Amino acid sequence: MAWRIGVDSGGTFTDVCLFDDVTRRLEIWKVPSTPDDPSRGIADGLVEGLAQVGAAPGELSFMGHGTTVATNALIEGRGVRTGLIVTDGFRDLLEIGRQRRPNLYDMAAEKPAELVARDLRQEVPERIRHDGSVELALDESALRSRIRDLKKSEVKAVAICFLYGFLNTEHEAAARRILAEELPDVFVSVSHEVAPEFREFERLSTTVVNAYLGPVMSRYIHRLKERLRDIGLPVPPQLTQSNGGVIGFDAAASLPVRTVLSGPSTGVVAAQAIGQMAGFGNVITFDVGGTSSDVALLTGGQCNLTGQAEVHGYPIKAPMLDIHTVGAGGGSIAHVDSGGLLKVGPRSAGAYPGPVCYGLGNSEPTVTDANIVLQTLNPVELLGGRMKVRRDMAVAAVQSLADRLGLGLMETAQGIVSVVTANMAKAIRVISVQRGYDPRDYALMAFGGAGPLHAARLARDLDIAKVIVPPTPGTLCALGLLLTDLRADFAVSRLLDLTSEGTSGVEEGFAALAVQAANWFTAESISPQRQVLIRTADLRYRGQNYELQVSVPDGPITESSFELLGQRFEAAHRQRFGFVAEGETIQLVTLRIEAAGVVDKAEFRAEPVGAPDASAAEIGRRDVWLPEAQGFVDCPVLSRDKLRSGHVVTGPAIVEQMDTTTVILPGMTATVDPYRNLILETKA
């Protein structure tokens, strides 16, 4: 046997997915995460998961890993003391940012904390012009003096970002060399290596975030490598990037900023594969964990890739799947705000102490507690019986909140679910309606530990006709690790008008990126037959302050290539903004190459469709409180493991499995397709 394993470490649970290349056997496992040392939970999950299938670590042919370490360190402010070296006169750019103010009329709005204190921002005389020429040579003597000041401040990381450093890397490279001489043990982040693109503030922010997270990620990866070596892992592990691909641990340690969406990105990768197998091209992914909900739009079976996003208020210029996150998960805490209204999240009970029903010391009710009270979740045990829960404690916590609101117990529990569902619906509207897409044209794919629990009601709120629940929704991000490729992204900014005079500049830019990609293929030992290159470009109308990414046709760059690029840009502009600016000059801003090393992936076979009778899967009945009936309704409880292709379940009903619970509402049917997906539909 040759087992492939994916391990996704979240804030609440660590998910394990195992796939046997020979027999096509798929198994999953979950263990509680260990926030004090995430590597311990990963090693435990790997060993326990292998034990469930009777395998040893030495039988593994691949290990992929997704993590929230970088994300959580950024959100919780647990990075290291960081210094910054910038061009003379640009010390305060990190704080000034841009003139956009997202909360213009909010007098109490809080900006995210500065990752580099002002006294740790050092200016040095040097200047590169907009065309890459040197106006003022780097003052190396002044630079050494500034570095020694940082040494006295005991910084653990230093970011280097000079004006137009991405066009001419001479000064930044010299600064890196001198910094290595003066501070050899400090983590160094250089802008032309981290984000070689124009827009100085975003490039600066990305470089600083990379430095701030660098030592944290390096320590984590070093500790995890030791644990994996100790248990006998025979293959080099891979770590997920925000773009959905995987890279080696050493590359991830040097560019941690590219892993800030490491966890949710592989869920989207898996959703793309499952949607294509099930025959759904347009899908909205709905990934609900213990802390957050992540949503993404898949049009034509693919999720868009974006070159820039904002994570917890910090602009990051790095390739990442276009995923939108809100603080709404199973562990989100319900509370009463200053106006006496019920709010849910973004604070979460996390893995420890977790929801009240876990009995580990939390007294504030969460979304999970509300579902335990309503009995949509098993009120006795979770994780297939491995985790016992206390409904009486959940009832007491929700009742305390109900007393403050002046409502009944069940009204309050349902209110918590309704509020969190509204938060989730808002997130989906951001990626669909606000971008010119109608969610009614899409199917909703629900996964994560709590996605299938809320999907049916969310679909009704958004008027979505079909919901897809994959066979292992609670561990889909771990499964995605077995469905993705090795991947790296390379970019260079070239401000050129989309006219015939610009073709040679674009051709040269892509040629330089192709050389970088070739070097990466060599470093990763990827054979030529497994190499894939995809070219894209960021375009805008001249004078605009935002770009749209479009695909670049294969072959040499010619006038006809530019004509096709212009057509694709205008189509994208009309889709996003509802119009095109006739006669306006289109400008190329950034050229991109995505390099992929295709790897062998887990494959799934369709089952023959059987009879619709699903009575053999029924394992009991349970009273479930439903707002449609304003009371408890006797519902059948079915085991997901016993459902087979062709089975049909009529709602109201509950489907339980080790990693999640699916709620089928009154007026809905759920059909098992040949790939064991549950397809929920509203009856005509």
# chains A, B, ... in the order shown; residues from 1 in each chain; ligands from 1
>>> residues_around(residues="Asp641 in chain A", least_positions_apart="5", cutoff="10 Å", atoms="only C-alpha atoms", output="PDB file with C-alpha atoms, in the first residue's frame")
ATOM      1  CA  PRO A 471     -18.840  12.713   1.559  1.00  0.00           C
ATOM      2  CA  ALA A 617     -29.572   4.111   7.010  1.00  0.00           C
ATOM      3  CA  VAL A 655     -27.820  13.022   8.803  1.00  0.00           C
ATOM      4  CA  GLU A 656     -24.950  12.339  11.209  1.00  0.00           C
ATOM      5  CA  GLN A 657     -21.356  11.352  10.530  1.00  0.00           C
ATOM      6  CA  MET A 658     -18.125  11.526  12.494  1.00  0.00           C
ATOM      7  CA  ARG A 676     -21.647   9.845  -2.445  1.00  0.00           C
TER       8      ARG A 676
END
>>> closest_atom_pairs(of="range 438-513 of chain A", to="range 42-65 of chain A", cutoff="9 Å", atoms="only C-alpha atoms", output="JSON lines")
{"residue": "A:Ala478", "atom": "CA", "partner": "A:His65", "partner_atom": "CA", "distance": 7.6}
{"residue": "A:Leu481", "atom": "CA", "partner": "A:Gly64", "partner_atom": "CA", "distance": 5.4}
{"residue": "A:Leu482", "atom": "CA", "partner": "A:Gly64", "partner_atom": "CA", "distance": 7.1}
>>> write_last_selection(atoms="C-alpha atoms", output="mmCIF file, in the first residue's frame")
data_model
loop_
_atom_site.group_PDB
_atom_site.id
_atom_site.type_symbol
_atom_site.label_atom_id
_atom_site.label_comp_id
_atom_site.auth_asym_id
_atom_site.auth_seq_id
_atom_site.Cartn_x
_atom_site.Cartn_y
_atom_site.Cartn_z
ATOM 1 C CA ALA A 478 -7.417 17.967 4.450
ATOM 2 C CA LEU A 481 -4.235 18.592 0.146
ATOM 3 C CA LEU A 482 -4.431 15.324 -1.797
#
>>> residues_around(residues="Tyr220 in chain A", least_positions_apart="2", cutoff="12 Å", atoms="only C-alpha atoms", output="ChimeraX atom specification")
/A:35-40,42,67-70,73,213-218,222-227,249-250,252-253,256
>>> closest_residue(among="A:Pro32, A:Gly300, A:Pro237, A:Gly415", to="Leu374 in chain A", atoms="only C-alpha atoms")
A:Gly415
>>> closest_atom_pairs(of="range 300-411 of chain A", to="range 96-119 of chain A", cutoff="10 Å", atoms="only C-alpha atoms", output="Markdown table")
| residue | atom | partner | partner_atom | distance |
| --- | --- | --- | --- | --- |
| A:His312 | CA | A:Pro112 | CA | 7.4 |
| A:Gly313 | CA | A:Pro112 | CA | 5.8 |
| A:Tyr314 | CA | A:Pro112 | CA | 7.4 |
| A:Pro315 | CA | A:Gly97 | CA | 9.6 |
>>> select_by_dssp(residues="range 258-499 of chain A", states="strand (DSSP E or B)", output="PyMOL selection string")
chain A and resi 283-288+293-299+302-303+305-306+309-311+314-316+320-321+323-326+332-336+342-348+366+381-382+387-388+443-447+466-469+486-497
>>> atom_distance(atom1="CA of Ala370 in chain A", atom2="CA of Val633 in chain A")
16.6 Å
>>> closest_atom_pairs(of="range 215-324 of chain A", to="range 186-201 of chain A", cutoff="8 Å", atoms="only C-alpha atoms", output="JSON lines")
{"residue": "A:Pro215", "atom": "CA", "partner": "A:Phe187", "partner_atom": "CA", "distance": 6.5}
{"residue": "A:Leu255", "atom": "CA", "partner": "A:Val194", "partner_atom": "CA", "distance": 7.0}
{"residue": "A:Lys317", "atom": "CA", "partner": "A:Ala195", "partner_atom": "CA", "distance": 6.2}
{"residue": "A:Ala318", "atom": "CA", "partner": "A:Ala195", "partner_atom": "CA", "distance": 6.8}
>>> residues_around(residues="Cys477 in chain A", least_positions_apart="5", cutoff="12 Å", atoms="only C-alpha atoms", output="mmCIF file with N, CA and C atoms, in the first residue's frame")
data_model
loop_
_atom_site.group_PDB
_atom_site.id
_atom_site.type_symbol
_atom_site.label_atom_id
_atom_site.label_comp_id
_atom_site.auth_asym_id
_atom_site.auth_seq_id
_atom_site.Cartn_x
_atom_site.Cartn_y
_atom_site.Cartn_z
ATOM 1 N N ILE A 5 -1.430 11.338 2.705
ATOM 2 C CA ILE A 5 -2.112 11.903 3.853
ATOM 3 C C ILE A 5 -2.112 13.425 3.784
ATOM 4 N N GLY A 6 -3.271 14.014 4.096
ATOM 5 C CA GLY A 6 -3.409 15.462 4.213
ATOM 6 C C GLY A 6 -3.803 15.794 5.637
ATOM 7 N N VAL A 7 -3.131 16.758 6.240
ATOM 8 C CA VAL A 7 -3.396 17.152 7.625
ATOM 9 C C VAL A 7 -3.653 18.653 7.652
ATOM 10 N N ASP A 8 -4.863 19.045 8.040
ATOM 11 C CA ASP A 8 -5.244 20.455 8.111
ATOM 12 C C ASP A 8 -5.416 20.849 9.570
ATOM 13 N N SER A 9 -4.598 21.794 10.020
ATOM 14 C CA SER A 9 -4.619 22.211 11.421
ATOM 15 C C SER A 9 -5.407 23.503 11.552
ATOM 16 N N GLY A 10 -6.580 23.426 12.180
ATOM 17 C CA GLY A 10 -7.416 24.606 12.386
ATOM 18 C C GLY A 10 -7.361 25.091 13.819
ATOM 19 N N PHE A 13 -10.084 22.063 15.557
ATOM 20 C CA PHE A 13 -9.747 20.663 15.305
ATOM 21 C C PHE A 13 -8.629 20.557 14.274
ATOM 22 N N THR A 14 -7.893 19.461 14.363
ATOM 23 C CA THR A 14 -6.916 19.093 13.341
ATOM 24 C C THR A 14 -7.501 17.917 12.568
ATOM 25 N N ASP A 15 -7.656 18.095 11.258
ATOM 26 C CA ASP A 15 -8.314 17.101 10.405
ATOM 27 C C ASP A 15 -7.286 16.297 9.622
ATOM 28 N N VAL A 16 -7.556 15.008 9.501
ATOM 29 C CA VAL A 16 -6.654 14.102 8.806
ATOM 30 C C VAL A 16 -7.438 13.354 7.732
ATOM 31 N N CYS A 17 -6.881 13.303 6.532
ATOM 32 C CA CYS A 17 -7.496 12.555 5.441
ATOM 33 C C CYS A 17 -6.447 11.616 4.850
ATOM 34 N N ILE A 28 -10.921 9.168 7.164
ATOM 35 C CA ILE A 28 -10.713 10.476 7.793
ATOM 36 C C ILE A 28 -10.606 10.320 9.300
ATOM 37 N N GLY A 64 0.790 16.302 2.852
ATOM 38 C CA GLY A 64 0.493 17.717 2.661
ATOM 39 C C GLY A 64 -0.088 18.283 3.932
ATOM 40 N N HIS A 65 0.194 19.551 4.186
ATOM 41 C CA HIS A 65 -0.209 20.153 5.458
ATOM 42 C C HIS A 65 -0.737 21.561 5.223
ATOM 43 N N GLY A 66 -1.888 21.866 5.804
ATOM 44 C CA GLY A 66 -2.434 23.217 5.809
ATOM 45 C C GLY A 66 -2.471 23.737 7.231
ATOM 46 N N THR A 67 -2.170 25.016 7.426
ATOM 47 C CA THR A 67 -2.047 25.537 8.782
ATOM 48 C C THR A 67 -2.589 26.957 8.889
ATOM 49 N N THR A 68 -3.014 27.315 10.086
ATOM 50 C CA THR A 68 -3.454 28.685 10.379
ATOM 51 C C THR A 68 -2.459 29.399 11.277
ATOM 52 N N THR A 240 0.673 24.067 2.342
ATOM 53 C CA THR A 240 -0.216 24.789 1.433
ATOM 54 C C THR A 240 0.052 26.280 1.445
ATOM 55 N N GLY A 244 -3.546 27.925 -3.120
ATOM 56 C CA GLY A 244 -4.102 26.592 -3.275
ATOM 57 C C GLY A 244 -3.085 25.533 -3.624
ATOM 58 N N LEU A 261 -3.547 32.248 4.009
ATOM 59 C CA LEU A 261 -4.812 31.542 3.735
ATOM 60 C C LEU A 261 -4.540 30.069 3.469
ATOM 61 N N SER A 262 -3.517 29.533 4.116
ATOM 62 C CA SER A 262 -3.115 28.143 3.893
ATOM 63 C C SER A 262 -4.254 27.173 4.162
ATOM 64 N N GLY A 263 -4.958 27.353 5.280
ATOM 65 C CA GLY A 263 -6.013 26.413 5.655
ATOM 66 C C GLY A 263 -7.176 26.376 4.680
ATOM 67 N N PRO A 264 -7.892 27.512 4.496
ATOM 68 C CA PRO A 264 -9.099 27.474 3.652
ATOM 69 C C PRO A 264 -8.843 27.260 2.175
ATOM 70 N N SER A 265 -7.632 27.535 1.682
ATOM 71 C CA SER A 265 -7.397 27.442 0.235
ATOM 72 C C SER A 265 -7.579 26.021 -0.288
ATOM 73 N N THR A 266 -7.163 25.012 0.489
ATOM 74 C CA THR A 266 -7.285 23.644 -0.015
ATOM 75 C C THR A 266 -8.732 23.154 0.002
ATOM 76 N N GLY A 267 -9.564 23.733 0.847
ATOM 77 C CA GLY A 267 -10.982 23.415 0.795
ATOM 78 C C GLY A 267 -11.579 23.825 -0.539
ATOM 79 N N VAL A 268 -11.154 24.983 -1.042
ATOM 80 C CA VAL A 268 -11.619 25.450 -2.348
ATOM 81 C C VAL A 268 -11.097 24.538 -3.458
ATOM 82 N N VAL A 269 -9.840 24.095 -3.336
ATOM 83 C CA VAL A 269 -9.276 23.167 -4.325
ATOM 84 C C VAL A 269 -10.104 21.884 -4.391
ATOM 85 N N ALA A 270 -10.443 21.344 -3.217
ATOM 86 C CA ALA A 270 -11.263 20.129 -3.182
ATOM 87 C C ALA A 270 -12.654 20.388 -3.746
ATOM 88 N N ALA A 271 -13.222 21.556 -3.438
ATOM 89 C CA ALA A 271 -14.555 21.893 -3.941
ATOM 90 C C ALA A 271 -14.558 21.971 -5.461
ATOM 91 N N GLN A 272 -13.476 22.501 -6.048
ATOM 92 C CA GLN A 272 -13.382 22.552 -7.509
ATOM 93 C C GLN A 272 -13.443 21.151 -8.100
ATOM 94 N N THR A 285 -18.646 28.117 -2.463
ATOM 95 C CA THR A 285 -18.168 27.271 -1.372
ATOM 96 C C THR A 285 -18.501 27.912 -0.039
ATOM 97 N N PHE A 286 -18.823 27.070 0.933
ATOM 98 C CA PHE A 286 -19.292 27.523 2.247
ATOM 99 C C PHE A 286 -18.615 26.661 3.301
ATOM 100 N N ASP A 287 -17.498 27.164 3.817
ATOM 101 C CA ASP A 287 -16.636 26.416 4.727
ATOM 102 C C ASP A 287 -16.749 27.011 6.117
ATOM 103 N N VAL A 288 -17.382 26.292 7.029
ATOM 104 C CA VAL A 288 -17.606 26.798 8.390
ATOM 105 C C VAL A 288 -16.847 25.936 9.384
ATOM 106 N N GLY A 289 -15.921 26.546 10.082
ATOM 107 C CA GLY A 289 -15.174 25.854 11.122
ATOM 108 C C GLY A 289 -15.595 26.317 12.496
ATOM 109 N N ASP A 294 -15.555 30.719 5.651
ATOM 110 C CA ASP A 294 -14.824 31.131 4.448
ATOM 111 C C ASP A 294 -15.687 30.815 3.235
ATOM 112 N N ALA A 446 -21.370 22.910 0.887
ATOM 113 C CA ALA A 446 -21.183 23.111 2.326
ATOM 114 C C ALA A 446 -20.168 22.120 2.869
ATOM 115 N N PHE A 447 -19.181 22.645 3.583
ATOM 116 C CA PHE A 447 -18.215 21.766 4.236
ATOM 117 C C PHE A 447 -17.663 22.469 5.460
ATOM 118 N N GLY A 448 -16.619 21.869 6.066
ATOM 119 C CA GLY A 448 -16.203 22.319 7.386
ATOM 120 C C GLY A 448 -17.072 21.618 8.420
ATOM 121 N N GLY A 449 -16.670 21.660 9.659
ATOM 122 C CA GLY A 449 -17.404 20.963 10.701
ATOM 123 C C GLY A 449 -18.829 21.429 10.870
ATOM 124 N N PRO A 470 -20.369 17.232 0.438
ATOM 125 C CA PRO A 470 -19.430 16.174 0.041
ATOM 126 C C PRO A 470 -19.428 15.015 1.032
ATOM 127 N N THR A 472 -17.041 13.746 2.884
ATOM 128 C CA THR A 472 -16.299 14.017 4.124
ATOM 129 C C THR A 472 -16.178 15.524 4.322
ATOM 130 N N LEU A 482 -4.719 16.476 -0.949
ATOM 131 C CA LEU A 482 -4.431 15.324 -1.797
ATOM 132 C C LEU A 482 -4.880 15.551 -3.237
ATOM 133 N N LEU A 483 -5.394 16.745 -3.524
ATOM 134 C CA LEU A 483 -5.921 17.045 -4.853
ATOM 135 C C LEU A 483 -5.221 18.229 -5.506
ATOM 136 N N THR A 484 -4.182 18.751 -4.863
ATOM 137 C CA THR A 484 -3.532 19.960 -5.364
ATOM 138 C C THR A 484 -2.151 19.646 -5.910
#
>>> closest_atom_pairs(of="range 18-124 of chain A", to="range 589-605 of chain A", cutoff="8 Å", atoms="only C-alpha atoms", output="CSV")
residue,atom,partner,partner_atom,distance
A:Phe19,CA,A:Ala602,CA,6.7
A:Asp21,CA,A:Ala602,CA,7.0
A:Arg24,CA,A:Phe604,CA,7.2
>>> write_last_selection(atoms="all heavy atoms", output="PDB file, in the first residue's frame")
ATOM      1  N   PHE A  19      -5.603   8.493   1.969  1.00  0.00           N
ATOM      2  CA  PHE A  19      -6.054   7.889   0.714  1.00  0.00           C
ATOM      3  C   PHE A  19      -5.027   6.853   0.268  1.00  0.00           C
ATOM      4  O   PHE A  19      -3.822   7.136   0.213  1.00  0.00           O
ATOM      5  CB  PHE A  19      -6.217   8.954  -0.363  1.00  0.00           C
ATOM      6  CG  PHE A  19      -6.761   8.431  -1.663  1.00  0.00           C
ATOM      7  CD1 PHE A  19      -8.121   8.221  -1.821  1.00  0.00           C
ATOM      8  CD2 PHE A  19      -5.921   8.152  -2.726  1.00  0.00           C
ATOM      9  CE1 PHE A  19      -8.628   7.739  -3.017  1.00  0.00           C
ATOM     10  CE2 PHE A  19      -6.407   7.673  -3.926  1.00  0.00           C
ATOM     11  CZ  PHE A  19      -7.773   7.469  -4.067  1.00  0.00           C
ATOM     12  N   ASP A  21      -3.477   4.817  -2.616  1.00  0.00           N
ATOM     13  CA  ASP A  21      -3.370   4.893  -4.079  1.00  0.00           C
ATOM     14  C   ASP A  21      -3.758   3.596  -4.772  1.00  0.00           C
ATOM     15  O   ASP A  21      -4.190   3.605  -5.930  1.00  0.00           O
ATOM     16  CB  ASP A  21      -1.929   5.257  -4.476  1.00  0.00           C
ATOM     17  CG  ASP A  21      -1.623   6.725  -4.251  1.00  0.00           C
ATOM     18  OD1 ASP A  21      -2.564   7.530  -4.302  1.00  0.00           O
ATOM     19  OD2 ASP A  21      -0.451   7.059  -4.019  1.00  0.00           O
ATOM     20  N   ARG A  24      -7.853   2.684  -3.472  1.00  0.00           N
ATOM     21  CA  ARG A  24      -8.751   3.849  -3.515  1.00  0.00           C
ATOM     22  C   ARG A  24      -9.540   4.003  -2.220  1.00  0.00           C
ATOM     23  O   ARG A  24     -10.593   4.636  -2.196  1.00  0.00           O
ATOM     24  CB  ARG A  24      -9.717   3.776  -4.706  1.00  0.00           C
ATOM     25  CG  ARG A  24      -9.027   3.636  -6.044  1.00  0.00           C
ATOM     26  CD  ARG A  24      -8.168   4.837  -6.337  1.00  0.00           C
ATOM     27  NE  ARG A  24      -7.398   4.676  -7.560  1.00  0.00           N
ATOM     28  CZ  ARG A  24      -6.459   5.513  -7.972  1.00  0.00           C
ATOM     29  NH1 ARG A  24      -6.167   6.547  -7.231  1.00  0.00           N
ATOM     30  NH2 ARG A  24      -5.799   5.310  -9.085  1.00  0.00           N
TER      31      ARG A  24
END
